[in-house]
Structure formats: structure tokens, C-alpha cells
Amino acid sequence: MKKVAIRAGVILAVVLACSMFFAQTILTVTTPKIKYVQVAYRRFEEKVEFTSALYFARTDKIALPDAAKTPITVDRLYVRVGDLVNAGDTICTTRLSDDFQKSVDDASDALVKAREEYMQNEVANIKLVDHTDTDKNETFREVNDAGAALAQAQSEILGAAAKLGLVLPQDAAQWAALVQQQNDENLTALMETTLVAQTRVTAANQAFLDTYATSKTKKELYDFLNRRAELQRTVDRAQNTLVQLVATSQAMTTVRAEHAGYVLALALAEGETYAGGGPAYELSATEDPPVLRVDVSGRQRVFATGMRAEIQGEFGPLRTEVARVVREGVDKKYLHIALSSELISQLGGVRAMLEKGATVGVTYRAQDNTSVLPAAAVRTDGSDTTAFVYVAEETDGGLWGGSTVARKTPVTITDRGDKEVAVREDLRYSRVVYQEDRALTDGGRVMEYVD
């Protein structure tokens with residue numbers, strides 16, 4: 001009996017051992033295999049890519065108001081969108097309409113007629129002495145010569161000023177100050193000639209009156225002066241009309257940039273007519289350099305000035321930074337990415353950037369330290385408000401020995417990226433699990449997978 005009892009005990013022990021072995025094998029096969037997360041406690045950081053567009057904070061839309069009365073046809077265009085121009089650079093040359101040319105001819109004829117009537121009044125009232133009294137005859141000739149010289153000088157300076165983009169006003173007394181501001185030697189010389197011609201006209205007129213006064217009665221002199229003033233006003237009106245038409249002609253046949261800047265838009269095309277219905281061209285403001293503008297409206301992250309940025313260039317990323325964070329209206333927010341002249345050149349120039357913009361990567365960095373985990377380790381039950389992680393815990397398994405189980409632990413997400421997630425809770429000393437080979441359950445056994 002003793003031998004039978006021993007044999008039965010051995011058999012029982014073997015069966016129990018085999019049962020435990022197979023049970024452990026089955027448990028090993030069915031238990032989820034996991035890995036542990038290396039939790040980092042730092043400021044969450046992620047590079048976020050955006051599509052950007054070239055942006056100028058201030059621009060000038062420049063119209064040619066005279067074209068509404070005088071439509072022009074563009075002969076030749078000297079600039080394209082994206083070009084950098086200086087003040088006075090030629091935008092285009094044009095042809096004026098036939099109607100405008102007729103108005104110039106009519107104004108010229110009107111001025112000739114007014115001057116003729118003025119001179120007829122002079123001739124009819126002056127008492128010319130015989131040819132031996134040359135002093136009095138010369139005063140009359142000098143009035144004519146001085147007037148012709150002044151008209152020629154004014155015509156020349158009007159044309160030269162218009163070529164520089166300066167339209168002189170009707171009041172000739174303002175010309176000298178405007179010309180001086182241009183700091184142009186040729187224009188200054190023409191202004192000197194005009195001033196000399198004006199002084200000559202004044203002196204000739206005074207000499208003529210002195211001569212007239214010696215040969216007429218006071219009543220005749222009074223009537224003559226009144227008539228003369230009336231005719232002079234007619235001459236002045238006719239001359240001002242022609243001056244403005246000539247200035248308009250000069251300014252409109254050569255359209256020049258009002259100031260320095262990039263050409264951002266053109267409503268002018270060779271062979272087409274422009275009638276002043278809107279801006280002829282658009283220029284960037286001189287003092288505002290361009291930036292790349294990124295729309296971050298609706299994003300919860302707090303972007304800040306100075307954050308690192310990279311622009312995707314043809315040969316690799318180009319480093320820069322966020323220059324400004326700008327709000328527009330109630331719900332629009334933009335990042336302005338700084339651009340240097342070197343960066344603009346490396347990106348193909350303003351023209352290329354206006355056409356296609358650029359891809360910009362902005363490195364977002366949170367303000368505070370948090371627990372940063374792989375995105376796969378942070379789970380949700382449908383929304384970020386119910387986020388949780390599984391944390392490994394050791395339990396006492398009694399006869400079967402200790403085991404590791406996964407406990408569902410709620411967390412609060414502060415930032416979420418494509419690869420990493422930041423949570424407010426400090427998990428540095430917790431064994432957060434992820435990369436399980438099958439679904440986990442709260443309190444279920446897990447086993448670490450060892451390579």
C-alpha cells in the first residue's frame with residue numbers, strides 16, 4: 001500500500017505540474033503583449049505646416065483720373081506684376097484718343113485768337129510815331145517778343161515736368177517751389193529760363209504803358225487799361241486751358257510710378273484701352289516689407305512672436321521666425337512670417353511668390369512643462385474630455401504568482417499633435433503601456449513584450 005500511495009502521489013504531482021505548465025502557456029498566449037512608454041516631462045513641441053501667401057500690410061491702388069475724360073490705349077508695358085520699381089520709373093507708354101488731340105488743337109487755336117485780339121487792341125490804341133522815333137516803336141515790339149519767349153519757356157518746362165511725373169498747376173507762382181523739390185538740374189534750368197522770361201514780360205509791359213501814357217488822354221488811357229485787362233483775362237484762361245491739356249497729354253502718354261514699391265496688380269495691357277474705371281496699377285508701400293501670411297484662425301494653440309519657422313525652398317528648408325501675430329476682426333488670426341531680401345531671392349522672387357505662395361513650417365512650443373507621450377498611448381472614449389492611459393500595476397496572484405495588469409487612468413490633454421500628446425498629469429513615475437498586440441481591458445493582465 002505504501003508503494004501504491006507513493007506512486008499515486010507522484011502521478012498527481014506530475015499531472016498538477018503539467019496542468020500548471022499548460023495553463024501558464026495558455027495564459028501567456030492569450031495575455032496582451034505591451035511595451036512601456038518613455039514619458040518625457042517637458043514643453044510640448046511640434047512643427048505644424050501651413051500654406052502661406054505673400055502679403056503686404058499696406059498697398060496703394062493708383063488710378064489715372066484723367067483717363068475717364070481721356071481714354072488711353074497702351075502702346076508698350078514696361079513692368080510686370082512682381083517687379084520692383086522706383087519713383088518715376090515708366091509703367092507704360094500710351095496713345096491718347098483722337099477726341100483729346102482735337103481738344104488740344106481747339107485750345108491752341110483759342111489761345112492764338114485771344115492773343116490776336118489782345119494785340120489788335122494794343123495796335124488800335126497806341127499812337128505810333130514815325131520811324132525816326134525808334135524808342136516808342138521798340139516798346140511795342142518788345143511786348144510781343146517777351147510774350148512769345150514766355151509762352152515757349154512755359155511750354156518747355158511743362159513738358160519736362162510731365163516726363164518726370166510732375167503736373168504743374170495753373171498758378172505759375174507755385175512752379176518754382178515744386179520744381180525745387182524735384183532736385184533735377186534740367187528742370188531747374190528751365191525754371192530759371194521761365195522766371196527770366198516772366199521778368200522780361202513785366203518790364204516790357206511797364207515800358208509800353210509808359211509810352212502809351214505820353215500819347216493819350218487820361219480818359220483814353222482809362223478805357224484802354226480796362227479793355228486790356230479784360231482781354232488779358234481771356235488770354236490767361238485760354239493759356240491755362242492749353243497748359244492743363246498739354247500737361248495731361250505729357251503725363252498720360254508716359255505713365256510713371258508714383259513711388260517706389262513692388263507692382264502687385266496691373267489693369268493695363270498692351271493694345272488695350274484704359275478709361276479710368278478703376279485702379280490702373282497697385283504698388284506696395286515703400287516702408288512695409290512683404291511677409292508670408294499664415295491663417296491660423298480657429299486653432300486653439302497660442303502662437304507667439306519669435307517662434308521658429310521654416311519655409312520650404314527649392315533646395316531645402318529656409319530658416320526664419322514668426323514676426324507678428326495679427327488679429328483681424330472677431331475671428332480671424334494670422335501669423336506674419338519674416339522675409340529678408342535674401343529669402344525672397346531664394347524663393348524665386350516676389351513674382352513667383354505672388355503666384356504660388358510657399359509652404360511654411362512653424363515650430364509650436366507650449367508655455368509650460370507637461371507629460372509628453374506618444375499619441376498612440378493616449379486614448380479617448382469619443383472626445384478629448386474622456387482621455388485616459390493604461391498604467392501597469394503589479395498584483396499578488398497567490399498560487400499562480402504575481403501578475404501585471406493595466407489600469408485605466410484618466411488624463412487631461414493640453415496639446416495634441418500627430419505624433420505626440422501632452423497631458424497635464426505627471427506620469428514620469430508611472431509605467432504607461434502602449435503598442436499592445438490586442439485590445440486591453442481595465443484591470444486585465446498584460447505582459448511586456450521583449451525584443
# chains A, B, ... in the order shown; residues from 1 in each chain; ligands from 1
$ select_by_dssp --residues "range 25-201 of chain A" --states "helix (DSSP H, G or I)" --output "number ranges by chain"
A: 25-30, 65-68, 98-125, 134-163, 172-182, 185-201
$ closest_atom_pairs --of "range 167-253 of chain A" --to "range 148-162 of chain A" --cutoff "10 Å" --atoms "only C-alpha atoms" --output "JSON lines"
{"residue": "A:Val167", "atom": "CA", "partner": "A:Ala162", "partner_atom": "CA", "distance": 5.4}
{"residue": "A:Leu168", "atom": "CA", "partner": "A:Leu158", "partner_atom": "CA", "distance": 6.7}
{"residue": "A:Pro169", "atom": "CA", "partner": "A:Leu158", "partner_atom": "CA", "distance": 9.6}
{"residue": "A:Ala172", "atom": "CA", "partner": "A:Gln154", "partner_atom": "CA", "distance": 9.0}
{"residue": "A:Trp175", "atom": "CA", "partner": "A:Ile157", "partner_atom": "CA", "distance": 9.5}
{"residue": "A:Leu178", "atom": "CA", "partner": "A:Ala161", "partner_atom": "CA", "distance": 9.7}
{"residue": "A:Val179", "atom": "CA", "partner": "A:Ala161", "partner_atom": "CA", "distance": 8.0}
{"residue": "A:Gln182", "atom": "CA", "partner": "A:Ala161", "partner_atom": "CA", "distance": 9.1}
{"residue": "A:Asp184", "atom": "CA", "partner": "A:Ala161", "partner_atom": "CA", "distance": 9.6}
{"residue": "A:Asn186", "atom": "CA", "partner": "A:Ala160", "partner_atom": "CA", "distance": 8.3}
{"residue": "A:Leu187", "atom": "CA", "partner": "A:Ala160", "partner_atom": "CA", "distance": 6.6}
{"residue": "A:Thr188", "atom": "CA", "partner": "A:Ile157", "partner_atom": "CA", "distance": 9.1}
{"residue": "A:Ala189", "atom": "CA", "partner": "A:Ile157", "partner_atom": "CA", "distance": 9.2}
{"residue": "A:Leu190", "atom": "CA", "partner": "A:Ile157", "partner_atom": "CA", "distance": 5.7}
{"residue": "A:Met191", "atom": "CA", "partner": "A:Ile157", "partner_atom": "CA", "distance": 6.7}
{"residue": "A:Glu192", "atom": "CA", "partner": "A:Ala153", "partner_atom": "CA", "distance": 9.5}
{"residue": "A:Thr193", "atom": "CA", "partner": "A:Ala153", "partner_atom": "CA", "distance": 6.5}
{"residue": "A:Thr194", "atom": "CA", "partner": "A:Ala153", "partner_atom": "CA", "distance": 5.2}
{"residue": "A:Leu195", "atom": "CA", "partner": "A:Leu150", "partner_atom": "CA", "distance": 8.6}
{"residue": "A:Val196", "atom": "CA", "partner": "A:Leu150", "partner_atom": "CA", "distance": 8.5}
{"residue": "A:Ala197", "atom": "CA", "partner": "A:Leu150", "partner_atom": "CA", "distance": 4.9}
{"residue": "A:Gln198", "atom": "CA", "partner": "A:Leu150", "partner_atom": "CA", "distance": 6.1}
{"residue": "A:Thr199", "atom": "CA", "partner": "A:Leu150", "partner_atom": "CA", "distance": 9.3}
{"residue": "A:Arg200", "atom": "CA", "partner": "A:Leu150", "partner_atom": "CA", "distance": 8.5}
{"residue": "A:Val201", "atom": "CA", "partner": "A:Leu150", "partner_atom": "CA", "distance": 7.4}
{"residue": "A:Gln239", "atom": "CA", "partner": "A:Ala151", "partner_atom": "CA", "distance": 8.8}
{"residue": "A:Leu242", "atom": "CA", "partner": "A:Ser155", "partner_atom": "CA", "distance": 9.6}
{"residue": "A:Val243", "atom": "CA", "partner": "A:Ser155", "partner_atom": "CA", "distance": 7.5}
{"residue": "A:Gln244", "atom": "CA", "partner": "A:Leu158", "partner_atom": "CA", "distance": 9.1}
{"residue": "A:Val246", "atom": "CA", "partner": "A:Gly159", "partner_atom": "CA", "distance": 7.4}
{"residue": "A:Ala247", "atom": "CA", "partner": "A:Ala162", "partner_atom": "CA", "distance": 6.0}
{"residue": "A:Thr248", "atom": "CA", "partner": "A:Ala162", "partner_atom": "CA", "distance": 7.9}
{"residue": "A:Ser249", "atom": "CA", "partner": "A:Ala162", "partner_atom": "CA", "distance": 8.5}
{"residue": "A:Gln250", "atom": "CA", "partner": "A:Ala162", "partner_atom": "CA", "distance": 5.3}
{"residue": "A:Ala251", "atom": "CA", "partner": "A:Ala162", "partner_atom": "CA", "distance": 5.0}
{"residue": "A:Met252", "atom": "CA", "partner": "A:Ala162", "partner_atom": "CA", "distance": 8.7}
{"residue": "A:Thr253", "atom": "CA", "partner": "A:Ala162", "partner_atom": "CA", "distance": 9.5}
$ select_by_dssp --residues "range 126-322 of chain A" --states "strand (DSSP E)" --output "PyMOL selection string"
chain A and resi 254-256+261-266+273-274+281-284+291-295+308-313+316-322
$ write_last_selection --atoms "C-alpha atoms" --output "PDB file, in the first residue's frame"
ATOM      1  CA  THR A 254       4.026 108.236 -70.219  1.00  0.00           C
ATOM      2  CA  VAL A 255       2.581 106.691 -67.050  1.00  0.00           C
ATOM      3  CA  ARG A 256       5.153 106.730 -64.245  1.00  0.00           C
ATOM      4  CA  GLY A 261       7.429  99.611 -54.380  1.00  0.00           C
ATOM      5  CA  TYR A 262       6.524  96.225 -55.836  1.00  0.00           C
ATOM      6  CA  VAL A 263       3.963  96.096 -58.644  1.00  0.00           C
ATOM      7  CA  LEU A 264       1.164  93.942 -57.209  1.00  0.00           C
ATOM      8  CA  ALA A 265      -1.519  94.317 -59.871  1.00  0.00           C
ATOM      9  CA  LEU A 266      -1.905  95.772 -63.363  1.00  0.00           C
ATOM     10  CA  THR A 273      -7.815 100.790 -73.741  1.00  0.00           C
ATOM     11  CA  TYR A 274      -7.914 102.114 -70.179  1.00  0.00           C
ATOM     12  CA  TYR A 281      -1.944  99.563 -61.092  1.00  0.00           C
ATOM     13  CA  GLU A 282      -1.222  98.695 -57.483  1.00  0.00           C
ATOM     14  CA  LEU A 283       2.045  99.316 -55.617  1.00  0.00           C
ATOM     15  CA  SER A 284       3.218  98.128 -52.223  1.00  0.00           C
ATOM     16  CA  VAL A 291       5.778  88.872 -45.218  1.00  0.00           C
ATOM     17  CA  LEU A 292       4.287  85.426 -45.648  1.00  0.00           C
ATOM     18  CA  ARG A 293       0.840  85.351 -44.076  1.00  0.00           C
ATOM     19  CA  VAL A 294      -0.482  82.157 -42.469  1.00  0.00           C
ATOM     20  CA  ASP A 295      -4.125  81.781 -41.461  1.00  0.00           C
ATOM     21  CA  ARG A 308      10.870  79.221 -35.179  1.00  0.00           C
ATOM     22  CA  ALA A 309       9.655  78.868 -38.759  1.00  0.00           C
ATOM     23  CA  GLU A 310      10.952  77.134 -41.864  1.00  0.00           C
ATOM     24  CA  ILE A 311       9.981  77.941 -45.431  1.00  0.00           C
ATOM     25  CA  GLN A 312      10.208  75.092 -47.896  1.00  0.00           C
ATOM     26  CA  GLY A 313      12.604  76.233 -50.634  1.00  0.00           C
ATOM     27  CA  GLY A 316      15.626  72.625 -48.693  1.00  0.00           C
ATOM     28  CA  PRO A 317      14.143  74.457 -45.721  1.00  0.00           C
ATOM     29  CA  LEU A 318      14.978  78.143 -45.124  1.00  0.00           C
ATOM     30  CA  ARG A 319      15.001  79.309 -41.522  1.00  0.00           C
ATOM     31  CA  THR A 320      13.142  82.374 -40.286  1.00  0.00           C
ATOM     32  CA  GLU A 321      10.680  83.223 -37.488  1.00  0.00           C
ATOM     33  CA  VAL A 322       7.209  84.496 -36.679  1.00  0.00           C
TER      34      VAL A 322
END
$ atom_distance --atom1 "CA of Ala275 in chain A" --atom2 "CA of Ala63 in chain A"
10.0 Å
$ atom_distance --atom1 "CA of Glu393 in chain A" --atom2 "CA of Glu420 in chain A"
23.6 Å
$ closest_residue --among "A:Ala53, A:Val74, A:Leu343, A:Ile34" --to "Lys356 in chain A" --atoms "only C-alpha atoms"
A:Ala53
